[in-house]
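Enquirer: Handing over start.cif, mmCIF, C-alpha atoms.
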data_work
loop_
_atom_site.label_atom_id
_atom_site.label_comp_id
_atom_site.auth_asym_id
_atom_site.auth_seq_id
_atom_site.Cartn_x
_atom_site.Cartn_y
_atom_site.Cartn_z
CA MET E 206 -34.62 33.33 61.07
CA GLN E 207 -33.69 35.04 64.32
CA ASP E 208 -34.27 38.71 64.89
CA LYS E 209 -31.05 40.55 65.69
CA ASN E 210 -32.43 41.24 69.17
CA GLU E 211 -33.59 37.68 69.80
CA VAL E 212 -30.59 36.31 71.67
CA LYS E 213 -30.22 39.46 73.74
CA ARG E 214 -33.91 39.49 74.61
CA ARG E 215 -34.04 35.84 75.54
CA ASP E 216 -30.94 36.19 77.71
CA PHE E 217 -32.53 39.17 79.39
CA LEU E 218 -36.19 38.27 79.67
CA LYS E 219 -36.79 34.57 79.28
CA VAL E 220 -38.75 32.98 82.11
CA THR E 221 -39.30 29.24 82.02
CA ALA E 222 -41.17 26.74 84.11
CA ALA E 223 -37.83 25.09 84.86
CA GLY E 224 -36.82 28.04 87.00
CA ALA E 225 -34.70 30.21 84.71
CA ALA E 226 -36.34 33.37 86.05
CA GLY E 227 -33.30 34.30 88.11
CA ILE E 228 -31.06 34.41 85.03
CA ALA E 229 -33.67 36.31 83.03
CA LEU E 230 -34.08 39.08 85.55
CA VAL E 231 -30.46 40.06 86.08
CA GLY E 232 -30.23 43.84 85.93
CA ARG E 233 -33.96 44.45 85.99
CA THR E 234 -35.69 46.82 88.36
CA ALA E 235 -38.08 45.81 91.12
CA LYS E 236 -40.94 47.15 89.06
CA SER E 237 -39.97 45.13 86.01
CA PHE E 238 -39.53 42.07 88.22
CA ALA E 239 -43.10 42.51 89.45
CA ALA E 240 -44.34 42.78 85.86
CA THR E 241 -42.66 39.58 84.64
CA LYS E 242 -45.11 36.81 83.82
CA GLY E 243 -44.52 33.11 83.56
CA ALA E 244 -45.48 31.08 80.52
CA ASN E 245 -48.75 29.96 82.11
CA ASP E 246 -49.74 33.16 83.90
CA LYS E 247 -52.75 35.15 82.73
CA ILE E 248 -51.86 38.68 81.62
CA ARG E 249 -54.29 41.33 82.86
CA ILE E 250 -54.63 44.33 80.56
CA GLY E 251 -56.04 47.83 80.82
CA GLY E 252 -57.25 49.64 77.71
CA ILE E 253 -56.54 53.39 77.61
CA GLY E 254 -58.54 55.04 74.83
CA CYS E 255 -61.82 53.50 73.67
CA GLY E 256 -62.25 55.06 70.25
CA GLY E 257 -62.44 52.91 67.15
CA GLN E 258 -58.85 51.66 67.22
CA GLY E 259 -58.86 51.27 70.99
CA ARG E 260 -61.96 49.10 70.87
CA SER E 261 -60.44 47.10 68.03
CA LEU E 262 -57.39 46.30 70.18
CA ILE E 263 -59.48 45.60 73.27
CA GLY E 264 -61.56 43.27 71.12
CA ALA E 265 -58.53 41.45 69.72
CA PHE E 266 -57.22 40.61 73.19
CA THR E 267 -60.73 39.76 74.44
CA ASP E 268 -61.69 37.57 71.48
CA ASN E 269 -58.45 35.59 71.85
CA ALA E 270 -58.45 35.60 75.65
CA ALA E 271 -58.65 31.82 75.98
CA ASP E 272 -55.89 31.05 73.46
CA TRP E 273 -53.63 33.92 74.54
CA ASN E 274 -54.34 33.56 78.27
CA CYS E 275 -55.13 37.23 78.83
CA GLU E 276 -57.99 39.41 80.03
CA VAL E 277 -58.93 43.07 79.59
CA VAL E 278 -59.88 44.01 83.14
CA ALA E 279 -60.09 47.81 82.92
CA VAL E 280 -60.85 50.51 80.35
CA CYS E 281 -60.46 54.27 80.32
CA ASP E 282 -61.68 57.19 78.21
CA VAL E 283 -62.55 60.86 78.66
CA TYR E 284 -65.89 60.43 76.82
CA ASP E 285 -68.51 58.55 78.83
CA LYS E 286 -70.11 56.99 75.76
CA ARG E 287 -66.81 55.49 74.66
CA LYS E 288 -66.10 54.24 78.19
CA GLU E 289 -69.22 52.09 78.02
CA MET E 290 -68.45 50.94 74.48
CA GLY E 291 -64.98 49.91 75.62
CA LYS E 292 -66.39 48.05 78.61
CA GLU E 293 -68.83 46.19 76.37
CA ARG E 294 -66.07 45.27 73.91
CA ALA E 295 -64.03 43.87 76.82
CA GLY E 296 -66.87 41.51 77.68
CA GLY E 297 -68.86 43.69 80.06
CA ASN E 298 -66.96 43.11 83.29
CA ALA E 299 -64.05 45.53 82.96
CA LYS E 300 -63.77 48.32 85.51
CA VAL E 301 -64.28 51.76 83.97
CA TYR E 302 -61.96 54.71 84.66
CA HIS E 303 -62.03 58.35 83.65
CA ASP E 304 -58.39 59.20 84.39
CA TYR E 305 -55.72 56.92 83.02
CA GLU E 306 -53.60 57.67 86.10
CA ASP E 307 -56.21 55.85 88.19
CA LEU E 308 -56.31 52.91 85.77
CA LEU E 309 -52.54 52.49 86.17
CA GLN E 310 -53.19 51.69 89.83
CA HIS E 311 -55.77 48.98 89.07
CA PRO E 312 -55.00 45.91 91.23
CA ASP E 313 -52.86 43.18 89.68
CA LEU E 314 -52.59 44.93 86.32
CA ASP E 315 -49.78 43.66 84.07
CA ALA E 316 -50.00 45.72 80.89
CA VAL E 317 -51.84 48.55 79.17
CA ILE E 318 -52.97 49.32 75.65
CA VAL E 319 -52.36 52.97 74.68
CA ALA E 320 -54.80 53.90 71.90
CA THR E 321 -55.34 57.60 72.45
CA PRO E 322 -54.65 60.38 69.93
CA ASP E 323 -50.95 60.64 69.15
CA HIS E 324 -50.16 63.60 71.39
CA TRP E 325 -50.92 61.52 74.51
CA HIS E 326 -48.92 58.39 73.60
CA ALA E 327 -45.59 59.28 75.17
CA LYS E 328 -46.89 60.71 78.45
CA ILE E 329 -49.06 57.66 79.10
CA CYS E 330 -46.25 55.27 78.11
CA LEU E 331 -43.84 56.98 80.48
CA ASP E 332 -46.32 56.90 83.35
CA ALA E 333 -47.22 53.27 82.68
CA LEU E 334 -43.58 52.20 82.63
CA ASP E 335 -42.98 54.12 85.87
CA SER E 336 -45.91 52.15 87.32
CA GLY E 337 -44.19 48.88 86.42
CA LEU E 338 -46.53 48.05 83.54
CA ASN E 339 -45.76 46.61 80.11
CA VAL E 340 -47.12 48.64 77.19
CA TYR E 341 -48.73 47.97 73.83
CA CYS E 342 -48.71 51.43 72.20
CA GLU E 343 -50.70 52.01 69.05
CA LYS E 344 -48.71 53.58 66.23
CA PRO E 345 -47.20 56.10 65.90
CA PHE E 346 -44.84 55.59 68.81
CA SER E 347 -45.26 59.23 69.80
CA HIS E 348 -46.05 62.71 68.52
CA THR E 349 -42.41 63.86 68.31
CA PRO E 350 -38.94 62.29 68.17
CA TYR E 351 -38.11 63.87 71.53
CA GLU E 352 -40.86 61.80 73.10
CA SER E 353 -39.80 58.59 71.36
CA LEU E 354 -36.25 58.94 72.66
CA ALA E 355 -37.51 59.58 76.20
CA VAL E 356 -39.77 56.53 76.13
CA HIS E 357 -37.03 54.35 74.62
CA LYS E 358 -34.68 55.40 77.41
CA LYS E 359 -37.37 54.60 79.99
CA VAL E 360 -37.86 51.12 78.51
CA GLN E 361 -34.12 50.52 78.79
CA GLN E 362 -34.09 51.74 82.38
CA THR E 363 -37.04 49.62 83.52
CA GLY E 364 -36.46 46.45 81.48
CA LEU E 365 -40.18 46.33 80.73
CA THR E 366 -41.76 45.27 77.44
CA LEU E 367 -43.07 47.85 74.98
CA GLN E 368 -44.48 46.98 71.57
CA VAL E 369 -45.52 49.61 69.03
CA GLY E 370 -48.69 48.58 67.23
CA SER E 371 -47.81 48.29 63.56
CA GLN E 372 -48.76 44.80 62.41
CA HIS E 373 -46.74 45.06 59.19
CA THR E 374 -43.63 44.21 61.22
CA ALA E 375 -45.09 40.74 61.77
CA ASP E 376 -44.71 40.00 58.04
CA GLY E 377 -41.97 37.45 57.47
CA SER E 378 -41.16 39.03 54.11
CA TYR E 379 -39.13 41.79 55.75
CA TYR E 380 -37.02 39.34 57.74
CA ALA E 381 -36.34 37.42 54.55
CA ALA E 382 -35.44 40.71 52.86
CA ARG E 383 -32.98 41.56 55.62
CA GLN E 384 -31.24 38.23 55.17
CA ALA E 385 -31.15 38.66 51.39
CA VAL E 386 -29.57 42.11 51.73
CA GLN E 387 -27.04 40.86 54.26
CA ASP E 388 -26.19 37.97 51.93
CA GLY E 389 -25.46 40.42 49.12
CA LEU E 390 -28.17 39.11 46.79
CA ILE E 391 -29.03 42.57 45.45
CA GLY E 392 -25.60 44.21 45.80
CA LYS E 393 -25.38 47.53 47.62
CA PRO E 394 -28.91 48.89 48.41
CA VAL E 395 -29.33 52.27 46.73
CA TRP E 396 -32.90 53.33 47.45
CA THR E 397 -36.16 51.90 48.71
CA GLU E 398 -39.67 52.90 47.68
CA THR E 399 -42.86 52.30 49.60
CA GLY E 400 -46.17 54.03 50.14
CA TYR E 401 -49.73 53.93 51.38
CA SER E 402 -52.46 55.56 49.29
CA ARG E 403 -56.23 55.89 49.44
CA ASN E 404 -58.93 57.78 47.55
CA ASN E 405 -61.64 59.09 49.84
CA PRO E 406 -64.02 61.50 48.02
CA ASN E 407 -65.16 62.89 51.37
CA GLY E 408 -61.65 63.71 52.56
CA GLU E 409 -59.55 61.32 54.65
CA TRP E 410 -60.14 61.42 58.43
CA ASN E 411 -63.47 63.26 58.08
CA TRP E 412 -65.00 60.77 60.46
CA THR E 413 -68.56 61.16 61.75
CA ILE E 414 -69.04 63.77 64.47
CA ASP E 415 -71.12 62.39 67.33
CA ASP E 416 -73.66 64.99 68.43
CA ASP E 417 -74.04 63.17 71.76
CA ALA E 418 -70.67 64.51 72.87
CA LYS E 419 -71.16 67.36 75.36
CA PRO E 420 -68.04 68.87 76.93
CA GLY E 421 -68.51 69.44 80.64
CA VAL E 422 -71.38 66.96 80.70
CA ASN E 423 -70.14 63.64 79.34
CA LEU E 424 -66.77 64.55 77.81
CA ASP E 425 -63.63 66.00 79.43
CA TRP E 426 -62.26 68.31 76.74
CA ASP E 427 -59.48 69.81 78.89
CA LYS E 428 -58.19 66.34 79.78
CA TRP E 429 -58.25 65.33 76.13
CA LEU E 430 -56.23 68.39 75.12
CA GLY E 431 -53.62 67.64 77.78
CA TYR E 432 -50.35 69.36 76.84
CA ALA E 433 -51.69 70.56 73.48
CA PRO E 434 -52.70 74.24 73.20
CA LYS E 435 -55.82 75.09 75.20
CA ILE E 436 -58.65 76.05 72.87
CA PRO E 437 -62.46 76.11 73.07
CA TRP E 438 -64.36 72.92 72.27
CA ASP E 439 -63.98 71.95 68.63
CA PRO E 440 -65.75 68.72 67.64
CA ASP E 441 -63.82 68.55 64.37
CA ARG E 442 -60.53 68.46 66.26
CA TYR E 443 -61.82 65.87 68.73
CA PHE E 444 -63.41 63.44 66.28
CA ARG E 445 -61.04 64.15 63.36
CA PHE E 446 -57.80 64.74 65.21
CA ARG E 447 -55.56 63.34 62.47
CA LYS E 448 -56.21 66.48 60.40
CA TYR E 449 -54.39 68.74 62.89
CA TYR E 450 -50.70 69.06 63.75
CA ASP E 451 -51.32 69.65 67.45
CA TYR E 452 -52.41 66.01 67.80
CA SER E 453 -51.06 64.15 64.75
CA GLY E 454 -48.78 64.28 61.73
CA GLY E 455 -51.48 63.22 59.28
CA ILE E 456 -50.29 60.91 56.52
CA ALA E 457 -46.82 60.59 58.01
CA THR E 458 -47.79 59.41 61.47
CA ASP E 459 -50.94 57.52 60.46
CA LEU E 460 -49.74 55.74 57.32
CA PHE E 461 -46.01 56.22 56.72
CA TYR E 462 -45.27 54.76 60.15
CA HIS E 463 -46.78 51.47 58.95
CA LYS E 464 -44.56 51.48 55.88
CA LEU E 465 -41.25 52.67 57.33
CA ALA E 466 -41.23 50.44 60.43
CA PRO E 467 -40.91 47.13 58.49
CA PHE E 468 -37.94 48.49 56.55
CA MET E 469 -36.22 49.26 59.83
CA ILE E 470 -36.13 45.45 60.17
CA VAL E 471 -34.27 45.24 56.87
CA PHE E 472 -31.89 48.12 57.58
CA GLU E 473 -31.13 47.38 61.23
CA ASP E 474 -32.92 50.35 62.87
CA GLU E 475 -30.56 52.81 61.15
CA MET E 476 -31.08 56.42 62.23
CA PRO E 477 -31.66 58.99 59.46
CA MET E 478 -29.01 61.43 58.28
CA ARG E 479 -31.60 63.91 56.99
CA ALA E 480 -35.10 64.12 55.54
CA SER E 481 -36.84 66.29 52.96
CA ALA E 482 -40.46 66.37 51.87
CA GLY E 483 -43.00 67.59 49.33
CA GLY E 484 -46.75 67.59 48.89
CA GLY E 485 -49.66 69.67 50.09
CA LYS E 486 -53.41 70.13 50.21
CA PHE E 487 -54.05 69.54 46.52
CA ILE E 488 -57.72 68.51 46.64
CA PHE E 489 -59.22 68.98 50.10
CA LYS E 490 -59.37 72.64 51.10
CA ASP E 491 -61.26 72.17 54.37
CA ASP E 492 -59.89 73.17 57.77
CA ARG E 493 -57.31 70.38 57.78
CA GLU E 494 -53.70 71.37 58.40
CA VAL E 495 -52.04 68.18 57.16
CA PRO E 496 -51.50 67.44 53.46
CA ASP E 497 -53.69 65.16 51.38
CA THR E 498 -50.66 64.20 49.28
CA SER E 499 -47.19 63.70 50.71
CA PHE E 500 -43.72 62.54 49.66
CA ASN E 501 -40.85 62.04 52.09
CA VAL E 502 -37.23 61.26 51.24
CA ILE E 503 -35.12 59.99 54.13
CA ASP E 504 -31.35 59.67 53.61
CA TYR E 505 -29.31 57.32 55.79
CA PRO E 506 -25.58 57.42 56.65
CA SER E 507 -24.98 54.01 55.06
CA GLY E 508 -25.60 55.55 51.64
CA HIS E 509 -29.23 54.65 51.08
CA SER E 510 -32.51 56.54 50.74
CA ILE E 511 -36.08 55.55 51.55
CA VAL E 512 -38.80 57.30 49.55
CA LEU E 513 -42.33 57.32 50.97
CA HIS E 514 -45.23 58.12 48.63
CA SER E 515 -48.84 58.77 49.63
CA SER E 516 -52.01 60.42 48.42
CA MET E 517 -55.47 60.43 49.93
CA CYS E 518 -56.82 61.44 46.50
CA ASN E 519 -55.53 58.58 44.34
CA SER E 520 -55.30 54.98 45.45
CA MET E 521 -52.76 53.77 42.87
CA GLY E 522 -49.86 52.98 45.14
CA VAL E 523 -46.25 51.96 44.63
CA PRO E 524 -44.55 48.62 45.32
CA ASP E 525 -42.53 47.85 48.41
CA ARG E 526 -39.21 47.59 46.62
CA ILE E 527 -35.52 47.80 47.48
CA HIS E 528 -33.41 48.92 44.52
CA GLY E 529 -29.92 47.47 44.71
CA GLN E 530 -27.02 48.01 42.34
CA LYS E 531 -27.22 44.42 41.12
CA ALA E 532 -30.86 43.46 41.63
CA ASN E 533 -34.25 44.67 42.86
CA LEU E 534 -36.10 43.09 45.76
CA ASP E 535 -39.92 43.17 45.94
CA ILE E 536 -42.07 42.41 48.99
CA ILE E 537 -44.84 40.32 47.41
CA GLY E 538 -46.87 39.11 50.39
CA ASP E 539 -47.46 35.75 52.05
CA ASN E 540 -44.03 36.12 53.68
CA LYS E 541 -42.36 36.05 50.25
CA ILE E 542 -39.88 38.22 48.42
CA ARG E 543 -38.91 38.28 44.75
CA ILE E 544 -35.45 39.28 43.51
CA ARG E 545 -34.89 40.26 39.88
CA ALA E 546 -31.47 40.92 38.40
CA GLU E 547 -30.47 44.27 36.93
CA LYS E 548 -29.54 43.93 33.25
CA PRO E 549 -25.80 44.78 33.61
CA PHE E 550 -25.50 42.06 36.27
CA MET E 551 -27.84 39.50 34.70
CA GLU E 552 -25.21 36.93 33.77
CA GLU E 553 -23.60 37.12 37.20
CA PHE E 554 -27.01 36.62 38.81
CA LYS E 555 -27.88 33.67 36.55
CA ASP E 556 -24.56 31.99 37.31
CA LYS E 557 -25.36 32.11 41.02
CA HIS E 558 -29.01 31.01 40.69
CA ASP E 559 -29.09 28.09 38.26
CA GLY E 560 -29.73 30.24 35.21
CA GLN E 561 -32.70 32.10 36.68
CA GLU E 562 -33.24 35.81 36.05
CA GLU E 563 -35.36 36.10 39.20
CA ILE E 564 -35.86 34.08 42.35
CA ILE E 565 -38.56 33.88 45.01
CA ILE E 566 -37.63 33.36 48.66
CA GLN E 567 -40.10 32.18 51.27
CA GLY E 568 -39.80 33.84 54.67
CA GLU E 569 -40.91 32.35 57.97
CA ASP E 570 -44.30 32.89 59.58
CA ARG E 571 -44.42 35.19 62.58
CA PRO E 572 -47.14 35.22 65.25
CA ASP E 573 -49.96 37.76 65.42
CA HIS E 574 -48.52 41.12 66.47
CA ARG E 575 -50.69 41.35 69.61
CA LYS E 576 -49.85 37.80 70.64
CA ASN E 577 -46.19 38.55 70.01
CA PHE E 578 -46.45 41.28 72.66
CA LEU E 579 -47.88 38.84 75.21
CA ASP E 580 -45.25 36.23 74.36
CA ALA E 581 -42.53 38.85 74.89
CA VAL E 582 -44.00 39.87 78.25
CA ARG E 583 -43.66 36.20 79.22
CA GLY E 584 -40.08 36.13 77.92
CA LEU E 585 -40.92 33.61 75.20
CA ASP E 586 -40.26 35.68 72.07
CA TRP E 587 -38.53 38.81 70.76
CA LEU E 588 -40.64 41.82 69.84
CA HIS E 589 -41.45 42.74 66.26
CA LEU E 590 -41.48 46.49 66.97
CA ASP E 591 -39.71 47.32 70.21
CA SER E 592 -38.83 50.78 71.50
CA LYS E 593 -35.53 50.96 69.61
CA ARG E 594 -37.15 50.16 66.26
CA GLY E 595 -40.09 52.37 67.17
CA TYR E 596 -37.75 55.26 67.93
CA ALA E 597 -35.78 54.89 64.69
CA THR E 598 -39.04 54.83 62.74
CA GLN E 599 -40.48 57.84 64.55
CA VAL E 600 -37.43 59.97 63.87
CA GLY E 601 -37.71 59.31 60.13
CA ILE E 602 -41.39 60.17 59.82
CA SER E 603 -41.26 63.13 62.21
CA LEU E 604 -38.40 64.65 60.24
CA GLY E 605 -40.59 64.36 57.16
CA VAL E 606 -43.36 66.29 58.92
CA TYR E 607 -40.95 69.04 59.99
CA ALA E 608 -39.33 69.19 56.55
CA LEU E 609 -42.67 69.66 54.78
CA ARG E 610 -43.89 72.31 57.21
CA GLN E 611 -40.64 74.30 57.03
CA GLY E 612 -39.67 73.79 53.41
CA LYS E 613 -36.13 72.61 54.13
CA SER E 614 -34.19 69.48 54.93
CA VAL E 615 -33.85 68.64 58.60
CA ALA E 616 -31.93 66.16 60.74
CA TRP E 617 -31.99 64.80 64.27
CA ASP E 618 -29.40 65.09 67.03
CA GLU E 619 -29.93 63.33 70.36
CA THR E 620 -28.66 66.34 72.28
CA LYS E 621 -29.78 69.27 70.11
CA GLY E 622 -33.02 67.82 68.80
CA VAL E 623 -34.31 68.68 65.32
CA ILE E 624 -31.69 70.65 63.37
CA ASP E 625 -31.13 72.02 59.89
CA ALA E 626 -29.43 69.54 57.56
CA GLY E 627 -26.87 70.47 54.94
CA PRO E 628 -26.14 68.40 51.84
CA ASP E 629 -23.49 66.24 53.51
CA ASP E 630 -23.65 66.82 57.24
CA PHE E 631 -25.58 68.36 60.10
CA HIS E 632 -25.69 72.06 60.93
CA GLY E 633 -26.55 73.55 64.27
CA GLY E 634 -29.64 75.75 64.01
CA VAL E 635 -32.71 74.38 65.76
CA ALA E 636 -35.44 74.02 63.15
CA GLY E 637 -38.16 71.92 64.74
CA LYS E 638 -40.55 72.23 67.65
CA PHE E 639 -39.09 72.20 71.10
CA PRO E 640 -39.92 69.10 73.15
CA PRO E 641 -43.19 68.96 75.09
CA SER E 642 -42.98 70.55 78.52
CA PHE E 643 -43.63 67.32 80.41
CA LEU E 644 -40.31 65.88 79.17
CA GLY E 645 -38.04 68.60 80.50
CA ASN E 646 -34.51 67.56 79.54
CA SER E 647 -35.16 63.85 80.06
CA TRP E 648 -34.91 63.10 76.34
CA LYS E 649 -31.36 64.42 75.93
CA GLY E 650 -28.39 62.16 75.46
CA ALA E 651 -27.86 58.89 73.67
CA ALA E 652 -30.23 56.09 74.61
#
Re-express the file's structure as structure tokens.
Expert:
Amino acid sequence: MQDKNEVKRRDFLKVTAAGAAGIALVGRTAKSFAATKGANDKIRIGGIGCGGQGRSLIGAFTDNAADWNCEVVAVCDVYDKRKEMGKERAGGNAKVYHDYEDLLQHPDLDAVIVATPDHWHAKICLDALDSGLNVYCEKPFSHTPYESLAVHKKVQQTGLTLQVGSQHTADGSYYAARQAVQDGLIGKPVWTETGYSRNNPNGEWNWTIDDDAKPGVNLDWDKWLGYAPKIPWDPDRYFRFRKYYDYSGGIATDLFYHKLAPFMIVFEDEMPMRASAGGGKFIFKDDREVPDTSFNVIDYPSGHSIVLHSSMCNSMGVPDRIHGQKANLDIIGDNKIRIRAEKPFMEEFKDKHDGQEEIIIQGEDRPDHRKNFLDAVRGLDWLHLDSKRGYATQVGISLGVYALRQGKSVAWDETKGVIDAGPDDFHGGVAGKFPPSFLGNSWKGAA
């Protein structure tokens, strides 16, 4: 099955050994032209952020370097210990940088991995794209919807490749689900449920604090804070950043992003009409700001809601299920979906499906999410989670964060930003945070 962006992307990006590069590069900037790689060219990558997830990504590209024809040639972190760990995970020969701005100037670099805390994602993505580099950005796409829109616009302007790192969008089940919905197999979709739950007795994100970290000696605390509020050194905030709103959205940005992004495949990157939320700190009363239990409801203009459930105190989750008027669609894994008829429409369903009350549909395999990024840089494939899908996802989960913190439904406007949401339409009062200072007004206006 083709992604809806596949033809457009291949027309725009495809580079072949037969010399189709000229067609592929129509409309692209000089910087994006320089970043285009042929099918047989090695892609040279810089890793920005060498914490646990950063090293995991560096390792994935390094371990598959021969098969994927890539190499991690540079790494960057503000903590010296993590710099060396990142270098080791890249095979020991990568050049080490302290400032990501210097890494962006590394000779012959083609792409970067952005695996910093959330509040740095957008700024680094924007700077990397301005440097003519393709980007693999760890989820969430950004810290705010303002940032996601600005980065999406920059991707459109440069013609470069940006993949958001949520591997769930590589699951063929969601592409099969999209086709099933478009074919009318479940009738009109009414609501979708999904979630991501854990049960950590020690409190989620209470990762180990490394006593070796010494600000001003081997760790640059001011650089790490960046555009976040300037505060004295706080090891809990550094090593457990997902607990604090200045750097993360907690459950929403860490876990809900994984669950909402694949359904943007099914529902064509639809932008939310409004979002509401519930939950709180029901078990863990430590210094965390984010909830340990969270529920988001996102309403869409097409007449459909997505409900996201999560608790870090109970691991009994919910199915990935689309409830249609005539049938229910379950994501069951191994690229498969199951469709079961609703009782009032059972006979109609059986007539269409050889007497069966339920059917199973096999979706197509998709490549590894990281390899998909490299293939897209070479113009050989469409992205699973490009900037448009990443932006649509970010708006939904960010609105959930704002709604929970403010106790009211909110919406998103591409000129006004986050606004109060009435029962049927948008209203004009600004309810959310203003955009980060480094964006200025660059986010405003339709992408």
Enquirer: With distances taken over all atoms listed in the file, which residue among E:Ile250, E:Val280, E:Val502, E:Ile537 lies nearest Ala480 (chain E)?
Expert: E:Val502
Enquirer: Given the PyMOL selection byres ((chain E and resi 405) around 12) and the file above, list the residues it selects as a PDB file with C-alpha atoms, in the frame of the given file.
Expert:
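selection-v3.pdb was written with the following content:
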ATOM      1  CA  SER E 402     -52.460  55.560  49.290  1.00  0.00           C
ATOM      2  CA  ARG E 403     -56.230  55.890  49.440  1.00  0.00           C
ATOM      3  CA  ASN E 404     -58.930  57.780  47.550  1.00  0.00           C
ATOM      4  CA  PRO E 406     -64.020  61.500  48.020  1.00  0.00           C
ATOM      5  CA  ASN E 407     -65.160  62.890  51.370  1.00  0.00           C
ATOM      6  CA  GLY E 408     -61.650  63.710  52.560  1.00  0.00           C
ATOM      7  CA  GLU E 409     -59.550  61.320  54.650  1.00  0.00           C
ATOM      8  CA  TRP E 410     -60.140  61.420  58.430  1.00  0.00           C
ATOM      9  CA  ASN E 411     -63.470  63.260  58.080  1.00  0.00           C
ATOM     10  CA  TRP E 412     -65.000  60.770  60.460  1.00  0.00           C
ATOM     11  CA  ILE E 488     -57.720  68.510  46.640  1.00  0.00           C
ATOM     12  CA  PHE E 489     -59.220  68.980  50.100  1.00  0.00           C
ATOM     13  CA  ASP E 497     -53.690  65.160  51.380  1.00  0.00           C
ATOM     14  CA  SER E 516     -52.010  60.420  48.420  1.00  0.00           C
ATOM     15  CA  MET E 517     -55.470  60.430  49.930  1.00  0.00           C
ATOM     16  CA  CYS E 518     -56.820  61.440  46.500  1.00  0.00           C
ATOM     17  CA  ASN E 519     -55.530  58.580  44.340  1.00  0.00           C
ATOM     18  CA  SER E 520     -55.300  54.980  45.450  1.00  0.00           C
TER      19      SER E 520
END
Enquirer: List the residues selected by the PyMOL selection byres ((chain E and resi 461) around 10) in the file shown, writing them as a list in words.
Expert: Pro345, Thr399, Gly400, Tyr401, Ser402, Gly454, Gly455, Ile456, Ala457, Thr458, Asp459, Leu460, Tyr462, His463, Lys464, Leu465, Ala466, Ser499, Phe500, Asn501, Leu513, His514, Ser515, Thr598, Gln599, Gly601, Ile602 and Gly605 of chain E
Enquirer: Write the residues you've just listed into a file as a short mmCIF file (atom, residue, chain, number, x, y, z; two decimals), keeping the file's coordinate frame, and include C-alpha atoms for each of them.
Expert:
data_model
loop_
_atom_site.label_atom_id
_atom_site.label_comp_id
_atom_site.auth_asym_id
_atom_site.auth_seq_id
_atom_site.Cartn_x
_atom_site.Cartn_y
_atom_site.Cartn_z
CA PRO E 345 -47.20 56.10 65.90
CA THR E 399 -42.86 52.30 49.60
CA GLY E 400 -46.17 54.03 50.14
CA TYR E 401 -49.73 53.93 51.38
CA SER E 402 -52.46 55.56 49.29
CA GLY E 454 -48.78 64.28 61.73
CA GLY E 455 -51.48 63.22 59.28
CA ILE E 456 -50.29 60.91 56.52
CA ALA E 457 -46.82 60.59 58.01
CA THR E 458 -47.79 59.41 61.47
CA ASP E 459 -50.94 57.52 60.46
CA LEU E 460 -49.74 55.74 57.32
CA TYR E 462 -45.27 54.76 60.15
CA HIS E 463 -46.78 51.47 58.95
CA LYS E 464 -44.56 51.48 55.88
CA LEU E 465 -41.25 52.67 57.33
CA ALA E 466 -41.23 50.44 60.43
CA SER E 499 -47.19 63.70 50.71
CA PHE E 500 -43.72 62.54 49.66
CA ASN E 501 -40.85 62.04 52.09
CA LEU E 513 -42.33 57.32 50.97
CA HIS E 514 -45.23 58.12 48.63
CA SER E 515 -48.84 58.77 49.63
CA THR E 598 -39.04 54.83 62.74
CA GLN E 599 -40.48 57.84 64.55
CA GLY E 601 -37.71 59.31 60.13
CA ILE E 602 -41.39 60.17 59.82
CA GLY E 605 -40.59 64.36 57.16
#
Enquirer: Using all atoms listed in the file for the distances, tell me which of E:His357, E:Lys242, E:Arg447, E:Lys576 is nearest to Gln372 (chain E).
Expert: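 Going through E:His357, E:Lys242, E:Arg447, E:Lys576 one by one, the smallest distance to Gln372 (chain E) is for E:Lys576.
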Enquirer: Using the chain letters and numbers from the file, which residues does the PyMOL selection byres ((chain E and resi 382) around 9) grab, as a PDB file with C-alpha atoms, in the frame of the given file?
Expert:
ATOM      1  CA  GLY E 377     -41.970  37.450  57.470  1.00  0.00           C
ATOM      2  CA  SER E 378     -41.160  39.030  54.110  1.00  0.00           C
ATOM      3  CA  TYR E 379     -39.130  41.790  55.750  1.00  0.00           C
ATOM      4  CA  TYR E 380     -37.020  39.340  57.740  1.00  0.00           C
ATOM      5  CA  ALA E 381     -36.340  37.420  54.550  1.00  0.00           C
ATOM      6  CA  ARG E 383     -32.980  41.560  55.620  1.00  0.00           C
ATOM      7  CA  GLN E 384     -31.240  38.230  55.170  1.00  0.00           C
ATOM      8  CA  ALA E 385     -31.150  38.660  51.390  1.00  0.00           C
ATOM      9  CA  VAL E 386     -29.570  42.110  51.730  1.00  0.00           C
ATOM     10  CA  GLN E 387     -27.040  40.860  54.260  1.00  0.00           C
ATOM     11  CA  PHE E 468     -37.940  48.490  56.550  1.00  0.00           C
ATOM     12  CA  ILE E 470     -36.130  45.450  60.170  1.00  0.00           C
ATOM     13  CA  VAL E 471     -34.270  45.240  56.870  1.00  0.00           C
ATOM     14  CA  ILE E 527     -35.520  47.800  47.480  1.00  0.00           C
ATOM     15  CA  LEU E 534     -36.100  43.090  45.760  1.00  0.00           C
ATOM     16  CA  ASP E 535     -39.920  43.170  45.940  1.00  0.00           C
ATOM     17  CA  ILE E 536     -42.070  42.410  48.990  1.00  0.00           C
ATOM     18  CA  LYS E 541     -42.360  36.050  50.250  1.00  0.00           C
ATOM     19  CA  ILE E 542     -39.880  38.220  48.420  1.00  0.00           C
ATOM     20  CA  ILE E 566     -37.630  33.360  48.660  1.00  0.00           C
ATOM     21  CA  GLY E 568     -39.800  33.840  54.670  1.00  0.00           C
TER      22      GLY E 568
END
